[in-house]
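Shown next: start.txt, given as compact mmCIF, C-alpha atoms.
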```
# COMPACT_ATOMS: atom_id res chain seq x y z
CA MET A 1 26.56 -27.95 -36.96
CA ALA A 2 25.69 -24.39 -36.04
CA GLN A 3 28.44 -22.46 -34.36
CA GLY A 4 28.19 -19.96 -31.53
CA ILE A 5 30.43 -17.76 -29.48
CA ARG A 6 31.89 -18.52 -26.08
CA ALA A 7 34.75 -17.05 -24.07
CA SER A 8 36.90 -18.71 -21.46
CA GLU A 9 36.98 -17.04 -18.07
CA ALA A 10 40.72 -16.40 -18.28
CA ALA A 11 41.89 -12.82 -18.24
CA GLY A 12 42.17 -11.33 -21.71
CA ALA A 13 40.01 -14.08 -23.23
CA ARG A 14 39.19 -13.77 -26.92
CA LEU A 15 36.21 -15.01 -28.90
CA ARG A 16 36.31 -18.61 -30.01
CA LEU A 17 33.85 -21.00 -31.63
CA VAL A 18 31.98 -23.74 -29.80
CA PRO A 19 28.86 -25.68 -30.78
CA THR A 20 25.61 -24.00 -29.68
CA PRO A 21 21.97 -24.37 -30.78
CA ALA A 22 21.04 -22.85 -34.12
CA THR A 23 19.42 -19.42 -34.24
CA ALA A 24 15.68 -19.83 -33.67
CA ASN A 25 14.38 -16.94 -35.75
CA GLU A 26 15.61 -17.70 -39.24
CA THR A 27 13.55 -14.87 -40.73
CA ALA A 28 15.19 -12.15 -38.66
CA THR A 29 17.21 -9.46 -40.36
CA ARG A 30 20.95 -9.92 -40.33
CA SER A 31 21.43 -7.16 -37.78
CA GLY A 32 18.67 -8.68 -35.67
CA GLU A 33 20.32 -12.08 -35.91
CA ALA A 34 23.69 -10.69 -34.85
CA TYR A 35 22.08 -8.79 -31.98
CA ALA A 36 20.10 -11.80 -30.76
CA ARG A 37 23.10 -14.14 -30.92
CA LEU A 38 25.48 -11.80 -29.11
CA ARG A 39 22.90 -10.74 -26.54
CA TYR A 40 22.11 -14.35 -25.68
CA GLU A 41 25.79 -15.28 -25.36
CA ILE A 42 26.42 -12.33 -23.05
CA ARG A 43 23.32 -12.72 -20.88
CA THR A 44 23.94 -16.43 -20.32
CA LEU A 45 27.62 -15.78 -19.48
CA ARG A 46 28.89 -17.82 -22.40
CA LEU A 47 30.70 -14.61 -23.24
CA ALA A 48 32.39 -13.81 -19.96
CA PRO A 49 32.52 -10.27 -18.55
CA GLY A 50 35.70 -8.53 -19.68
CA THR A 51 36.08 -10.55 -22.88
CA GLY A 52 37.68 -8.43 -25.57
CA PHE A 53 36.78 -8.65 -29.26
CA SER A 54 36.64 -6.60 -32.42
CA GLU A 55 33.95 -5.93 -34.96
CA ALA A 56 35.92 -8.09 -37.41
CA ASP A 57 35.92 -11.00 -34.93
CA VAL A 58 32.13 -10.99 -34.84
CA CYS A 59 31.86 -10.66 -38.63
CA ASP A 60 34.08 -13.71 -39.10
CA LEU A 61 32.33 -15.81 -36.46
CA LEU A 62 28.80 -15.06 -37.62
CA GLY A 63 29.59 -14.86 -41.32
CA LEU A 64 28.06 -11.39 -41.62
CA SER A 65 29.17 -8.11 -43.12
CA LYS A 66 30.20 -5.09 -41.06
CA ALA A 67 26.94 -3.11 -41.30
CA PRO A 68 24.62 -5.51 -39.42
CA VAL A 69 27.32 -6.33 -36.88
CA ARG A 70 27.97 -2.64 -36.26
CA ASP A 71 24.23 -2.06 -35.73
CA ALA A 72 24.03 -4.97 -33.30
CA LEU A 73 27.02 -3.78 -31.30
CA SER A 74 25.63 -0.25 -31.13
CA GLN A 75 22.39 -1.57 -29.67
CA LEU A 76 24.23 -3.77 -27.16
CA ARG A 77 26.34 -0.78 -26.16
CA ARG A 78 23.19 1.29 -25.52
CA GLU A 79 21.91 -1.51 -23.30
CA GLY A 80 25.14 -1.53 -21.33
CA LEU A 81 26.12 -5.08 -22.30
CA VAL A 82 29.26 -4.10 -24.21
CA VAL A 83 31.60 -1.14 -23.90
CA SER A 84 33.86 0.43 -26.51
CA ALA A 85 37.57 -0.25 -26.19
CA ALA A 86 40.66 1.19 -27.84
CA ARG A 87 41.24 0.86 -31.58
CA SER A 88 37.66 0.02 -32.55
CA GLY A 89 37.48 -2.89 -30.13
CA TYR A 90 34.80 -3.90 -27.67
CA THR A 91 34.65 -5.54 -24.27
CA VAL A 92 31.81 -7.41 -22.64
CA ALA A 93 30.64 -5.14 -19.81
CA PRO A 94 32.05 -6.06 -16.40
CA MET A 95 29.94 -7.37 -13.52
CA THR A 96 30.74 -5.68 -10.24
CA VAL A 97 29.62 -5.86 -6.63
CA LYS A 98 28.63 -2.20 -6.70
CA ASP A 99 26.53 -2.60 -9.84
CA ALA A 100 24.78 -5.64 -8.35
CA ARG A 101 23.98 -3.74 -5.16
CA ASP A 102 22.69 -0.76 -7.12
CA LEU A 103 20.49 -2.94 -9.34
CA PHE A 104 18.91 -4.94 -6.55
CA THR A 105 18.47 -1.93 -4.28
CA LEU A 106 16.44 -0.27 -7.04
CA ARG A 107 14.57 -3.48 -7.81
CA THR A 108 13.66 -3.83 -4.13
CA LEU A 109 12.12 -0.35 -4.12
CA LEU A 110 10.25 -0.70 -7.40
CA GLU A 111 9.09 -4.31 -7.03
CA GLY A 112 7.82 -3.60 -3.53
CA GLU A 113 5.81 -0.66 -4.85
CA ALA A 114 4.52 -2.68 -7.83
CA ALA A 115 3.34 -5.49 -5.55
CA ALA A 116 1.60 -3.07 -3.18
CA LEU A 117 -0.18 -1.28 -6.05
CA ALA A 118 -1.18 -4.60 -7.63
CA ALA A 119 -2.77 -5.69 -4.34
CA THR A 120 -4.81 -2.50 -4.09
CA ARG A 121 -5.98 -2.63 -7.71
CA GLY A 122 -6.73 -6.33 -8.08
CA GLY A 123 -6.78 -7.58 -11.63
CA ASP A 124 -5.83 -10.70 -13.55
CA ILE A 125 -4.87 -12.87 -10.58
CA GLU A 126 -5.46 -15.99 -12.68
CA ARG A 127 -2.63 -14.90 -14.93
CA LEU A 128 -0.34 -14.68 -11.90
CA ARG A 129 -1.40 -18.14 -10.76
CA GLN A 130 -0.63 -19.59 -14.20
CA LEU A 131 2.82 -17.97 -14.19
CA ASP A 132 3.36 -19.18 -10.64
CA VAL A 133 2.76 -22.74 -11.85
CA LEU A 134 5.28 -22.27 -14.66
CA CYS A 135 7.83 -20.94 -12.17
CA GLN A 136 7.67 -24.26 -10.35
CA MET A 137 9.54 -25.94 -13.17
CA ALA A 138 12.92 -27.27 -12.17
CA TYR A 139 16.13 -25.94 -13.62
CA ASP A 140 19.59 -27.41 -13.89
CA PRO A 141 22.21 -25.07 -12.35
CA THR A 142 24.87 -26.59 -14.63
CA ASP A 143 22.87 -25.90 -17.82
CA ALA A 144 22.87 -22.25 -18.99
CA ASP A 145 19.90 -22.86 -21.30
CA SER A 146 17.86 -24.32 -18.43
CA VAL A 147 18.64 -21.33 -16.20
CA HIS A 148 17.80 -18.96 -19.07
CA GLU A 149 14.36 -20.55 -19.54
CA PHE A 150 13.67 -20.43 -15.81
CA LEU A 151 14.58 -16.75 -15.66
CA ALA A 152 12.35 -15.95 -18.65
CA VAL A 153 9.29 -17.28 -16.81
CA ASN A 154 10.41 -15.64 -13.57
CA SER A 155 10.69 -12.27 -15.32
CA ALA A 156 7.25 -12.75 -16.91
CA LEU A 157 5.70 -13.13 -13.44
CA HIS A 158 7.41 -10.02 -12.09
CA LEU A 159 6.27 -7.99 -15.09
CA ALA A 160 2.74 -9.36 -14.77
CA VAL A 161 2.65 -7.96 -11.23
CA ALA A 162 3.82 -4.59 -12.58
CA ASP A 163 1.14 -4.69 -15.29
CA ILE A 164 -1.57 -5.28 -12.68
CA ALA A 165 -0.20 -2.30 -10.73
CA GLY A 166 -1.26 -0.18 -13.71
CA ASN A 167 1.70 2.21 -13.90
CA GLN A 168 3.32 1.96 -17.34
CA ARG A 169 6.42 3.92 -16.36
CA LEU A 170 6.96 1.55 -13.44
CA THR A 171 6.61 -1.42 -15.80
CA ASP A 172 9.09 0.14 -18.26
CA HIS A 173 11.69 0.71 -15.54
CA LEU A 174 11.28 -2.81 -14.18
CA THR A 175 11.62 -4.27 -17.67
CA ARG A 176 15.02 -2.61 -18.05
CA LEU A 177 16.13 -3.63 -14.56
CA LEU A 178 15.15 -7.25 -15.15
CA ASP A 179 17.15 -7.25 -18.38
CA GLN A 180 20.17 -5.68 -16.71
CA SER A 181 20.11 -8.06 -13.75
CA GLU A 182 19.80 -11.27 -15.78
CA ARG A 183 23.56 -11.89 -15.95
CA TYR A 184 23.78 -11.54 -12.19
CA MET A 185 20.86 -13.91 -11.68
CA HIS A 186 22.51 -16.41 -14.03
CA LEU A 187 25.64 -16.31 -11.92
CA GLY A 188 23.76 -16.73 -8.65
CA LEU A 189 21.41 -19.50 -9.81
CA ARG A 190 24.24 -21.50 -11.36
CA LEU A 191 26.17 -21.49 -8.09
CA ARG A 192 23.26 -22.06 -5.75
CA SER A 193 19.89 -23.69 -6.39
CA ARG A 194 17.07 -21.43 -5.19
CA GLY A 195 14.26 -23.05 -7.16
CA GLU A 196 12.22 -24.21 -4.15
CA SER A 197 12.70 -20.92 -2.28
CA ILE A 198 11.60 -18.88 -5.29
CA VAL A 199 8.48 -21.03 -5.71
CA HIS A 200 7.57 -20.41 -2.06
CA GLU A 201 8.18 -16.66 -2.43
CA HIS A 202 6.03 -16.45 -5.54
CA ARG A 203 3.17 -18.32 -3.88
CA GLU A 204 3.25 -15.88 -0.98
CA LEU A 205 3.31 -12.91 -3.35
CA VAL A 206 0.39 -14.17 -5.45
CA SER A 207 -1.56 -14.94 -2.27
CA ALA A 208 -1.01 -11.45 -0.85
CA ILE A 209 -2.02 -9.74 -4.11
CA GLY A 210 -5.06 -11.95 -4.46
CA ALA A 211 -6.11 -11.10 -0.89
CA GLY A 212 -5.69 -7.38 -1.53
CA ASP A 213 -3.12 -7.13 1.27
CA SER A 214 -0.80 -4.40 0.01
CA ARG A 215 1.42 -4.33 3.11
CA ARG A 216 2.08 -8.07 2.96
CA ALA A 217 2.59 -7.94 -0.82
CA ARG A 218 5.20 -5.20 -0.43
CA ARG A 219 6.94 -7.07 2.38
CA VAL A 220 7.09 -10.33 0.41
CA ALA A 221 8.36 -8.65 -2.76
CA GLU A 222 11.05 -6.75 -0.90
CA ALA A 223 12.17 -9.86 0.99
CA GLN A 224 12.45 -11.79 -2.28
CA MET A 225 14.68 -9.08 -3.77
CA ARG A 226 16.91 -9.07 -0.71
CA GLU A 227 17.32 -12.85 -0.96
CA SER A 228 18.17 -12.56 -4.65
CA GLN A 229 20.72 -9.84 -3.86
CA HIS A 230 22.37 -12.05 -1.21
CA MET A 231 22.52 -14.92 -3.70
CA VAL A 232 24.11 -12.75 -6.40
CA LEU A 233 26.63 -11.14 -4.05
CA ASP A 234 27.64 -14.56 -2.74
CA GLY A 235 28.19 -15.64 -6.34
CA LEU A 236 30.28 -12.58 -7.17
CA LEU A 237 32.37 -12.85 -4.03
CA SER A 238 33.17 -16.49 -4.79
CA THR A 239 34.57 -15.84 -8.27
CA ASP A 240 38.32 -16.03 -8.87
CA ALA A 241 38.46 -12.46 -10.14
CA VAL A 242 37.24 -11.15 -6.79
CA LEU A 243 39.06 -13.67 -4.60
CA THR A 244 42.43 -12.86 -6.19
CA ALA A 245 41.94 -9.10 -6.57
CA ASN A 246 44.54 -6.85 -4.99
CA ILE A 247 42.59 -4.34 -2.92
CA GLY A 248 44.65 -1.16 -2.89
CA VAL A 249 43.79 1.15 -0.01
CA PRO A 250 44.92 4.72 -0.69
CA LEU A 251 46.93 6.25 2.11
CA THR A 252 45.98 9.73 3.22
CA GLY A 253 48.05 12.23 5.04
CA GLY A 254 47.29 12.81 8.67
CA GLY A 255 48.63 13.43 12.11
```
Translate the structure described by the file into structure tokens.
Amino acid sequence: MAQGIRASEAAGARLRLVPTPATANETATRSGEAYARLRYEIRTLRLAPGTGFSEADVCDLLGLSKAPVRDALSQLRREGLVVSAARSGYTVAPMTVKDARDLFTLRTLLEGEAAALAATRGGDIERLRQLDVLCQMAYDPTDADSVHEFLAVNSALHLAVADIAGNQRLTDHLTRLLDQSERYMHLGLRLRSRGESIVHEHRELVSAIGAGDSRRARRVAEAQMRESQHMVLDGLLSTDAVLTANIGVPLTGGG
């Protein structure tokens, strides 16, 4: 049986083997395989934030030599999914309340603008309708693979809106933000089912773009991002790491 990587959520967790589905792309290069496997494990939270590991750990677990593993880790570090630690080690990048707020604040601004531009330009509305239908698929909050598939279609719809807007730089920025926010969305969707709400929001968005109503399209897109941010922050604030954190308030001198 194929083996994958998962980390417990305990502090100081290390890599350990658990059964996971086999790698889909068997023709990928070894560095590409290592990158795809690690990226998937991190984005679906199988590798918990803060998990420490070494290059040798990954080599042993994936049965690969150092070169492809080093390339994969370098790429993941550039994407902000892993950070370098002492003595040639690595740590899965943390997930923080501040980072979540920053991500969704920026997504609110950019997705609102993309929706408004898409409504003024018109375009392949049929493509949006097809993606909207796909987004109506149910997902199982207890199944990471199910949530991952749901988010893939959800991201495709958001990027389709950006494509219709016709600003390639806007699309590029949103692509990166969607990638960076996936872990947060995984956390939120696995703690709270928003499937029906998201379907309703997408229908409203597609309707506004199709009608050429840029003000309504912007309003709907921004409201959807705010709801997603609330969901994610609720998820973060309910985790043990936050609930048991010791909040140190620095004392300042004064009268």
Val82 in chain A environment, 6 Å, all atoms listed in the file, sequence neighbours closer than 4 positions dropped, as a list in words: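 The neighbour list is Leu76, Arg77, Thr91, Val92 and Ala93 of chain A.
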Shortest interatomic distance to Leu109 in chain A - which of A:Leu62, A:Leu170, A:Ala72, A:Ala241, counting all atoms listed in the file: A:Leu170
Shortest interatomic distance to Asp140 in chain A - which of A:Arg121, A:Ala114, A:Asp213, A:Arg190, counting only C-alpha atoms: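 Answer, going by the shortest atom-to-atom distance: A:Arg190.
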Pick from A:Ser197, A:Thr120, A:Gln180, A:Gln224 nearest to Arg78 in chain A, counting only C-alpha atoms: A:Gln180
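The two atoms in question, CA of Val83 in chain A and CA of Gln168 in chain A, are spaced 29.2 Å apart.
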Distance of CA of Asp132 in chain A from CA of Val206 in chain A, expressed in Å to one decimal place: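 Between CA of Val206 in chain A and CA of Asp132 in chain A the gap works out to 7.8 Å.
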Separation of CA of Phe104 in chain A from CA of Gln229 in chain A, in Å and rounded to one decimal: 5.9 Å
Test item: residues at most 10 Å from Ala208 in chain A, all atoms listed in the file, excluding those fewer than 2 positions along its chain, as a short mmCIF file (atom, residue, chain, number, x, y, z; two decimals) with C-alpha atoms, keeping the file's coordinate frame:
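What landed in around_11.cif:
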```
data_model
loop_
_atom_site.label_atom_id
_atom_site.label_comp_id
_atom_site.auth_asym_id
_atom_site.auth_seq_id
_atom_site.Cartn_x
_atom_site.Cartn_y
_atom_site.Cartn_z
CA ALA A 115 3.34 -5.49 -5.55
CA ALA A 116 1.60 -3.07 -3.18
CA ALA A 118 -1.18 -4.60 -7.63
CA ALA A 119 -2.77 -5.69 -4.34
CA HIS A 202 6.03 -16.45 -5.54
CA ARG A 203 3.17 -18.32 -3.88
CA GLU A 204 3.25 -15.88 -0.98
CA LEU A 205 3.31 -12.91 -3.35
CA VAL A 206 0.39 -14.17 -5.45
CA GLY A 210 -5.06 -11.95 -4.46
CA ALA A 211 -6.11 -11.10 -0.89
CA GLY A 212 -5.69 -7.38 -1.53
CA ASP A 213 -3.12 -7.13 1.27
CA SER A 214 -0.80 -4.40 0.01
CA ARG A 215 1.42 -4.33 3.11
CA ARG A 216 2.08 -8.07 2.96
CA ALA A 217 2.59 -7.94 -0.82
CA ARG A 218 5.20 -5.20 -0.43
CA ARG A 219 6.94 -7.07 2.38
CA VAL A 220 7.09 -10.33 0.41
CA ALA A 221 8.36 -8.65 -2.76
#
```
Near-Leu103 in chain A list (10 Å; only C-alpha atoms; drop same-chain fewer than 6 positions) as number ranges by chain: A: 97, 177-178, 180-181, 184, 229
Surrounding residues of Leu233 in chain A excluding itself and chain neighbours under 5 positions, 8 Å, all atoms listed in the file, as a list in words: Val97, Ala100, Arg101 and Gly188 of chain A
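If only C-alpha atoms are the atoms counted, then among A:Phe150, A:Met225, A:Ile209, A:Glu55 the closest residue to Glu126 in chain A is A:Ile209.
Considering all atoms listed in the file, the residue among A:Ser207, A:Thr175, A:Thr142, A:Thr239 positioned nearest to Ile125 in chain A is A:Ser207.
The nearest approach to Ala85 in chain A among the residues A:Phe53, A:Leu189, A:Ile198, A:Gln130, with all atoms listed in the file taken into account, belongs to A:Phe53.
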Sphere at (24.3, -7.6, -38.5), radius 9 Å, counting all atoms listed in the file: residues as a PyMOL selection string: chain A and resi 29-35+59+62+64-73
Selection near Asp179 in chain A, 12 Å with only C-alpha atoms, sequence-local residues under 4 positions removed, as JSON, numbers by chain: {"A": [39, 40, 42, 43, 44, 76, 79, 80, 81, 103, 107, 148, 151, 152, 154, 155, 156, 158, 159, 172, 173, 174, 175, 183, 184, 185, 186]}
